[in-house]
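A quick write-up on the structure given underneath.
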Amino acid sequence: MEAGGLPLELWRMILAYLHLPDLGRCSLVCRAWYELILSLDSTRWRQLCLGCTECRHPNWPNQPDVEPESWREAFKQHYLASKTWTKNALDLESSVCFSLFRRRRERRTLSVGPGHEFDSLSSALAMASLYDRIMLFPGVYEEQGEIILKVPVEIVGHGKLGEVALLASIDQHCSTTRLCNLVFMPAWFSPIMYKTTSGHVQFDNCNFENGHIQVHGPGTCQVKFCTFKNTHVFLHNVPLCVLENCEFVGSENNSVTVEGHPSADKNWAYKYLLGLIKSSPPLLPPEDSDFLMSLDLESRDQAWSPRTCDIVIEGSQSPTSPAASSPKPGSKAGSQEAEVGSDGERVAQTSDSSDGGLSPSGEEEDEDQLTYRLSYQVQGPRPVLGGSFLGPPLPGASIQLPSCLVLNSLQQELQKDKEAMALVNSVQGCLIRKCLFRDGKGGVLVCSYGQAKMEGNIFRHLTYAVRCIHNSKIVMLRNDIYRCRASGIFLRLEGGGLIAGNNIYHNAEAGVDIRKKSNPLILCNQIHHGLRSGIVVLGNGKGIIRNNQIFSNKEAGIYILYHGNPIVSGNHIYKGRAAGIAVNENGKGLITENVIRENQWGGVDIRRGGIPVLRSNLICFGYSDGVVVGDEGKGLIEGNTIYANKGCGVWMMSSSLPHVTSNHVSYNGLYGVAVFSQKDGSGEFPGGHGVQENFSEDRDAILWETELEKEEDPLRRPITTALVESNSINHNGASGLYVQSSEALHVLTNVIHANGDRGITVAQSSQPTRVANNSISCNRQSGVKVEAQCKVELRGNGIYDNRGHGIITRGDSTVVIENDIIGNRGSGLQLLPRSDTKVIKNRIHSFRAYGIAVRGRAKALVQENIIFQGKTNKTIFQQISNNRECIMQNNKFLVFKKKSDTWRLVNPPARPHLENSLRGPSAAHNGQKVTAMATRITARVEGGYHSNRSIFCTIL
């Protein structure tokens with residue numbers, strides 16, 4: 001600084017005593033002085049801003065303790081507010097004849113109050129000219145009649161806010177007016193405190209109490225730093241209005257109502273307000289990093305692929321066997337004996353290995369015995385989500401989400417979605433920014449084709465925050481909505497718009513409630529700690545729900561019912577006290593690529609006619625089941641990763657008819673897939689469905705006729721059988737698939753691998769259960785077990801390397817056709833007493849037990865099978881000598897004689913035989929396949945309800 005060589009700090013202290021005009025003159029001296037004046041932001045400019053009686057704190061009322069980015073800029077905006085209300089306004093006194101000679105008239109200041117020029121506002125207005133300033137000095141001014149403003153004026157209260165009270169009803173008939181630093185209260189004859197139908201009104205630093213303000217299009221208004229106590233602002237057909245930094249308290253109805261389509265007629269202030277909005281700094285930062293989910297995850301990608309095993313028939317261990325790996329600490333190398341339970345099932349007592357089961361080649365044999373090999377292929381688990389979530393979950397370890405499932409910031413989402421960006425940039429109707437709505441009934445109501453944009457507001461302790469109804473549109477950006485006594489945001493009757501970047505929490509009902517054909521875009525919000533659901537979609541509501549964090553809600557994170565049909569994609573739904581997503585009462589929806597984790601009930605719960613498409617989601621670490629389908633639930637469950645849930649991976653019950661396909665179901669605590677389904681009165685109609693089908697059709701007609709009478713939807717084609725197809729079911733704590741059902745079930749082309757109990761257990765099946773073309777391998781007990789009085793068809797399966805028997809059955813109608821039952825620790829096929837089994841055209845081999853063992857009086861037809869030799873001290877076939885109901889015909893027995901003998905499963909090759917390779921996750925995104933799958937998704941349900949339910953999950 002050159003002036004006198006004084007330090008900068010001293011110059012700043014001297015300049016701090018200057019008033020505004022002097023500061024302006026000093027800033028024009030030179031660049032150094034200009035920069036010096038700017039450096040007074042936190043001192044002199046702050047004093048000027050806070051010392052102005054017409055101003056409030058720039059961040060009032062939401063953040064009065066947070067300093068603005070620039071006090072000088074805040075003071076500048078306050079100062080210009082007193083000037084800009086006249087900008088571009090028409091001069092009503094202009095004259096064509098005297099335009100060349102007319103001089104600009106100076107504005108007068110008319111004083112009103114005791115001891116001043118005028119005693120009342122009405123008397124001052126009678127003498128006022130264009131743009132005069134009327135100063136009301138401290139006192140209470142009560143007008144006995146309606147005041148009509150015929151000329152543009154500025155009405156300002158003198159002194160501190162609250163010292164000037166005006167009890168009046170004002171009707172504006174002029175082009176523009178400004179009112180500042182006043183307390184408005186209604187007159188005794190009307191609740192309307194202010195009304196305009198065509199002009200522009202500007203309110204600055206005013207209080208309004210117990211009345212109404214009405215603005216009708218093409219009229220406009222700009223309201224800043226005002227308080228509304230039990231006051232209703234009604235905006236009808238307004239082309240543009242701005243409410244900034246206002247407080248709405250204690251409303252008995254809606255604080256703000258925006259009604260009607262924005263008027264096509266616009267007054268002079270429309271362009272000015274539009275330019276003012278566009279010049280304001282945006283609320284959205286360039287990057288939204290704080291909005292990313294704080295989920296620390298560690299990747300453990302593993303390369304899983306089909307493996308080729310050389311199974312040692314007799315002799316020493318194969319060098320390629322997994323048993324070559326060292327046993328775990330504490331396990332005994334020789335503890336590989338088997339025990340036979342009371343039902344004849346063989347349970348192997350062996351140490352675990354990396355893939356959940358040891359190959360039989362790991363058993364120690366005498367070195368001098370001949371070694372014979374039978375080569376075949378075992379289908380292992382397929383990679384899902386880039387190979388993540390295939391290894392076992394480690395206690396206390398975090399897991400890395402694949403990049404495709406990490407939440408984007410709001411800015412990133414807007415850059416990808418041009419339609420959403422257009423909504424953000426659109427401004428029509430009403431702009432409500434940085435306001436506080438508290439302690440009242442309602443916040444903002446937008447109705448009858450109205451439009452409103454809300455940015456950076458706080459809604460708290462209201463009955464509801466925002467209602468958007470009857471073809472209206474809202475844009476909500478970065479608002480806080482909490483502790484509402486009902487839903488936070490409520491849309492109905494085709495309401496729509498954009499709800500993005502908001503923090504919605506601790507509400508008594510849903511955070512967002514979508515009904516009656518409303519169709520909003522819900523993007524990048526945090527919806528949490530609600531006393532009920534996070535988002536509810538019902539009554540034909542729609543919407544796109546994308547990239548939100550929905551967590552810690554007391555009921556379902558997203559609840560879809562009564563024909564709600566949203567698109568739910570890319571959300572993180574976690575730590576809810578009920579289900580992550582619940583689809584109920586004929587709800588629909590497309591649910592894709594969400595992370596659904598750590599919920600108390602099922603990750604996804606589908607009941608009572610719910611028919612969603614659940615595709616490519618990660619459903620993990622739940623405290624109950626991954627997916628629950630029950631009480632006539634339906635839908636397509638495709639391409640999901642269902643991982644490490646404490647209950648079952650998929651739980652199906654009560655006449656549910658889903659299509660479960662191409663999912664990766666692994667490391668769940670109980671069953672991989674469990675089917676518990678019992679029809680009411682099923683025993684009364686053995687072998688037929690005629691009566692039940694008629695009942696079902698009548699029932700469905702009642703449910704669907706009102707809403708879907710004219711709806712043509714390919715997903716509504718009837719099916720009659722639940723389908724479990726092309727899934728990878730592995731490393732689950734109990735059986736891979738458990739069936740206890742009185743309804744038909746198809747189990748096709750699945751990989752069922754290394755589960756903690758049996759591969760498939762059929763405990764009850766009064767209607768046929770068809771198990772075809774599955775790979776069932778390396779399970780801790782038998783590959784397949786069929787209990788008494790079950791009807792099961794096993795066809796074209798590959799049953800390999802299971803620690804118990806390959807197949808064990810006591811069913812009264814079991815058909816085993818064209819399976820490969822190879823390398824299992826127990827017998828290849830064991831028929832228990834009172835079973836009735838047909839064994840036709842299978843290839844059967846057991847490593848150290850019988851190929852086929854018949855215990856007790858079992859009825860069987862064993863025909864045209866190829867049975868390989870086991871150990872030399874075992875026969876190929878064991879049969880009770882006095883059992884004449886076991887018929888053997890045209891079987892082929894192969895006995896190894898030379899060390900060089902090697903048999904391969906050829907002509908045909910090793911089963912399962914699939915026309916195409918097992919579908920991977922990429923196929924789940926094939927849109928053409930969706931139509932083909934759709935024929936299997938929905939059906940008129942046969943039968944009623946039963947009492948069975950998930951071990952952890954209760955009825956919603």
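Lettering and numbering for the structure tokens are positional, with chains as A, B, ... in the shown order, residues counted from 1 in each chain, and ligands counted from 1 in the shown order.
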Strand (DSSP E or B) call set, DSSP backbone run, stretch 587-622 of chain A, as a PyMOL selection string: chain A and resi 590-592+595-597+604-607+613-615+618-620
Contacts of A:Cys778 within 6 Å, only C-alpha atoms, excl. fewer than 3 positions in-chain, as a JSON list (two decimals) with N, CA, C and O atoms, in the first residue's frame:
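Below is the file that was written, around_16.json:
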```json
[["chain", "number", "residue", "atom", "x", "y", "z"],
["A", 357, "GLY", "N", -16.76, -79.31, -0.43],
["A", 357, "GLY", "CA", -16.86, -80.76, -0.38],
["A", 357, "GLY", "C", -15.63, -81.41, -0.96],
["A", 357, "GLY", "O", -15.08, -80.96, -1.96],
["A", 753, "HIS", "N", -24.59, -76.47, -5.84],
["A", 753, "HIS", "CA", -23.21, -76.86, -5.60],
["A", 753, "HIS", "C", -22.78, -76.53, -4.17],
["A", 753, "HIS", "O", -23.06, -75.45, -3.64],
["A", 754, "ALA", "N", -22.15, -77.49, -3.53],
["A", 754, "ALA", "CA", -21.42, -77.27, -2.27],
["A", 754, "ALA", "C", -22.27, -76.65, -1.18],
["A", 754, "ALA", "O", -21.82, -75.80, -0.42],
["A", 801, "ASP", "N", -20.26, -86.09, -7.00],
["A", 801, "ASP", "CA", -19.33, -85.74, -5.92],
["A", 801, "ASP", "C", -20.01, -85.31, -4.62],
["A", 801, "ASP", "O", -19.43, -84.58, -3.82],
["A", 802, "ASN", "N", -21.24, -85.71, -4.38],
["A", 802, "ASN", "CA", -21.89, -85.38, -3.13],
["A", 802, "ASN", "C", -21.41, -86.32, -2.03],
["A", 802, "ASN", "O", -21.09, -87.49, -2.27]]
```
Contacts of A:Ser741 at 7 Å (only C-alpha atoms; same-chain gap of 3+ positions) as a PyMOL selection string: chain A and resi 675-678+764-765
Near-A:Ser426 list (12 Å; only C-alpha atoms; drop same-chain fewer than 6 positions) as an MDAnalysis selection string: chainID A and resid 240 274 277:278 419:420 451:454 473:476 497:498
Mind writing the picked residues with N, CA, C and O atoms as a compact mmCIF listing (two decimals), in the first residue's frame?
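File part24.txt, as written:
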```txt
# COMPACT_ATOMS: atom_id res chain seq x y z
N LEU A 240 -44.91 -16.32 -12.61
CA LEU A 240 -43.66 -16.48 -11.86
C LEU A 240 -43.73 -15.67 -10.56
O LEU A 240 -44.04 -14.47 -10.58
N LEU A 274 -37.16 -13.55 -13.87
CA LEU A 274 -36.48 -14.67 -14.52
C LEU A 274 -34.98 -14.43 -14.59
O LEU A 274 -34.17 -15.33 -14.32
N ILE A 277 -33.48 -14.91 -11.11
CA ILE A 277 -33.32 -16.32 -10.73
C ILE A 277 -32.12 -16.94 -11.42
O ILE A 277 -31.31 -17.64 -10.80
N LYS A 278 -31.96 -16.66 -12.70
CA LYS A 278 -30.85 -17.26 -13.45
C LYS A 278 -29.50 -16.74 -13.01
O LYS A 278 -28.49 -17.43 -13.13
N GLU A 419 -33.61 -35.09 -19.48
CA GLU A 419 -34.95 -34.71 -19.05
C GLU A 419 -34.93 -34.17 -17.62
O GLU A 419 -35.59 -33.16 -17.32
N ALA A 420 -34.16 -34.82 -16.74
CA ALA A 420 -34.05 -34.33 -15.37
C ALA A 420 -33.35 -32.97 -15.34
O ALA A 420 -33.75 -32.07 -14.58
N GLN A 451 -47.50 -25.27 -10.99
CA GLN A 451 -46.09 -25.62 -11.05
C GLN A 451 -45.33 -24.86 -9.98
O GLN A 451 -45.57 -23.66 -9.78
N ALA A 452 -44.43 -25.57 -9.31
CA ALA A 452 -43.63 -24.93 -8.26
C ALA A 452 -42.26 -25.59 -8.19
O ALA A 452 -42.12 -26.78 -8.45
N LYS A 453 -41.28 -24.77 -7.83
CA LYS A 453 -39.92 -25.26 -7.65
C LYS A 453 -39.47 -24.89 -6.25
O LYS A 453 -39.60 -23.72 -5.84
N MET A 454 -38.95 -25.86 -5.52
CA MET A 454 -38.53 -25.65 -4.13
C MET A 454 -37.07 -26.04 -3.97
O MET A 454 -36.71 -27.18 -4.25
N LYS A 473 -47.06 -30.11 -11.23
CA LYS A 473 -45.65 -30.51 -11.36
C LYS A 473 -44.83 -29.76 -10.32
O LYS A 473 -44.98 -28.54 -10.15
N ILE A 474 -43.95 -30.50 -9.64
CA ILE A 474 -43.06 -29.88 -8.67
C ILE A 474 -41.62 -30.26 -9.00
O ILE A 474 -41.35 -31.33 -9.57
N VAL A 475 -40.70 -29.37 -8.66
CA VAL A 475 -39.27 -29.64 -8.71
C VAL A 475 -38.74 -29.34 -7.32
O VAL A 475 -38.81 -28.20 -6.85
N MET A 476 -38.21 -30.36 -6.64
CA MET A 476 -37.71 -30.20 -5.27
C MET A 476 -36.23 -30.56 -5.24
O MET A 476 -35.86 -31.70 -5.54
N GLY A 497 -43.05 -34.52 -11.66
CA GLY A 497 -41.94 -33.60 -11.49
C GLY A 497 -40.68 -34.31 -11.04
O GLY A 497 -40.52 -35.52 -11.22
N LEU A 498 -39.79 -33.56 -10.42
CA LEU A 498 -38.48 -34.05 -10.00
C LEU A 498 -38.30 -33.82 -8.51
O LEU A 498 -38.51 -32.71 -8.01
```
Residues near A:Ser175, cut-off 7 Å, only C-alpha atoms, skip fewer than 5 positions along chain, as a PyMOL selection string: chain A and resi 152+199-200
With C-alpha atoms retained, write the just-selected residues as a PDB file, in the first residue's frame.
```pdb
ATOM      1  CA  PRO A 152     -46.902   2.654  -7.707  1.00  0.00           C
ATOM      2  CA  GLY A 199     -49.232  -5.980 -10.930  1.00  0.00           C
ATOM      3  CA  HIS A 200     -45.956  -6.859  -9.265  1.00  0.00           C
TER       4      HIS A 200
END
```
Nearest candidate to A:Asn865 (options A:Asn479, A:Asn779, A:Asn842, A:Ser835; using only C-alpha atoms): A:Asn842
Contacts of A:Leu166 within 8 Å, only C-alpha atoms, excl. fewer than 2 positions in-chain, as a PyMOL selection string: chain A and resi 140-143+164+168+182-185
Can you spit out the residues from that selection as a compact mmCIF listing (two decimals), in the first residue's frame, using all heavy atoms?
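Okay, this is what ended up in selection-v9.txt:
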```
# COMPACT_ATOMS: atom_id res chain seq x y z
N VAL A 140 -49.45 1.73 15.60
CA VAL A 140 -50.41 0.78 15.04
C VAL A 140 -51.35 1.56 14.15
O VAL A 140 -52.01 2.53 14.60
CB VAL A 140 -51.18 0.04 16.14
CG1 VAL A 140 -52.21 -0.89 15.52
CG2 VAL A 140 -50.21 -0.73 17.03
N TYR A 141 -51.46 1.16 12.89
CA TYR A 141 -52.29 1.84 11.91
C TYR A 141 -53.42 0.90 11.48
O TYR A 141 -53.17 -0.12 10.83
CB TYR A 141 -51.46 2.28 10.70
CG TYR A 141 -50.33 3.21 11.06
CD1 TYR A 141 -49.07 2.72 11.43
CD2 TYR A 141 -50.53 4.59 11.07
CE1 TYR A 141 -48.04 3.57 11.78
CE2 TYR A 141 -49.50 5.45 11.41
CZ TYR A 141 -48.26 4.93 11.77
OH TYR A 141 -47.25 5.80 12.12
N GLU A 142 -54.63 1.24 11.85
CA GLU A 142 -55.78 0.42 11.52
C GLU A 142 -56.65 1.17 10.53
O GLU A 142 -57.17 2.26 10.83
CB GLU A 142 -56.58 0.07 12.78
CG GLU A 142 -57.76 -0.84 12.50
CD GLU A 142 -58.48 -1.27 13.77
OE1 GLU A 142 -58.10 -0.78 14.84
OE2 GLU A 142 -59.41 -2.08 13.68
N GLU A 143 -56.82 0.58 9.36
CA GLU A 143 -57.63 1.19 8.32
C GLU A 143 -59.03 0.60 8.38
O GLU A 143 -59.21 -0.62 8.43
CB GLU A 143 -57.00 0.93 6.94
CG GLU A 143 -55.59 1.46 6.79
CD GLU A 143 -55.55 2.98 6.85
OE1 GLU A 143 -56.56 3.61 6.50
OE2 GLU A 143 -54.50 3.55 7.25
N VAL A 164 -43.90 -1.09 13.73
CA VAL A 164 -44.95 -0.54 12.88
C VAL A 164 -45.90 -1.67 12.51
O VAL A 164 -45.50 -2.64 11.85
CB VAL A 164 -44.37 0.09 11.60
CG1 VAL A 164 -45.51 0.62 10.72
CG2 VAL A 164 -43.39 1.20 11.95
N ALA A 168 -54.86 -3.75 7.79
CA ALA A 168 -55.48 -3.23 6.58
C ALA A 168 -55.74 -4.36 5.60
O ALA A 168 -55.18 -5.45 5.70
CB ALA A 168 -54.57 -2.17 5.94
N LEU A 182 -42.65 -4.00 7.78
CA LEU A 182 -43.98 -3.81 8.35
C LEU A 182 -44.48 -5.10 8.98
O LEU A 182 -44.07 -6.20 8.59
CB LEU A 182 -44.96 -3.36 7.26
CG LEU A 182 -44.65 -2.07 6.52
CD1 LEU A 182 -45.58 -1.91 5.33
CD2 LEU A 182 -44.77 -0.88 7.45
N VAL A 183 -45.41 -4.94 9.92
CA VAL A 183 -46.14 -6.08 10.47
C VAL A 183 -47.58 -5.95 9.98
O VAL A 183 -48.27 -4.98 10.30
CB VAL A 183 -46.11 -6.10 12.01
CG1 VAL A 183 -46.97 -7.23 12.54
CG2 VAL A 183 -44.68 -6.24 12.50
N PHE A 184 -47.99 -6.94 9.15
CA PHE A 184 -49.33 -6.93 8.60
C PHE A 184 -50.26 -7.79 9.44
O PHE A 184 -49.92 -8.92 9.81
CB PHE A 184 -49.33 -7.48 7.16
CG PHE A 184 -48.86 -6.49 6.14
CD1 PHE A 184 -47.51 -6.36 5.84
CD2 PHE A 184 -49.76 -5.68 5.48
CE1 PHE A 184 -47.08 -5.45 4.89
CE2 PHE A 184 -49.34 -4.76 4.53
CZ PHE A 184 -47.99 -4.65 4.24
N MET A 185 -51.45 -7.26 9.70
CA MET A 185 -52.52 -8.02 10.34
C MET A 185 -53.82 -7.70 9.61
O MET A 185 -53.98 -6.60 9.07
CB MET A 185 -52.62 -7.68 11.83
CG MET A 185 -51.46 -8.23 12.64
SD MET A 185 -51.58 -7.86 14.41
CE MET A 185 -51.02 -6.15 14.41
```
Between atom CA of A:Thr196 and atom CA of A:His173, distance in Å (one decimal):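 Distance reported for this atom pair: 6.8 Å.
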Residue nearest A:Ile458 among A:Ser552, A:Thr661, A:Gln63, A:Asn727 (counting only C-alpha atoms):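 Counting only C-alpha atoms, the residue closest to A:Ile458 is A:Gln63.
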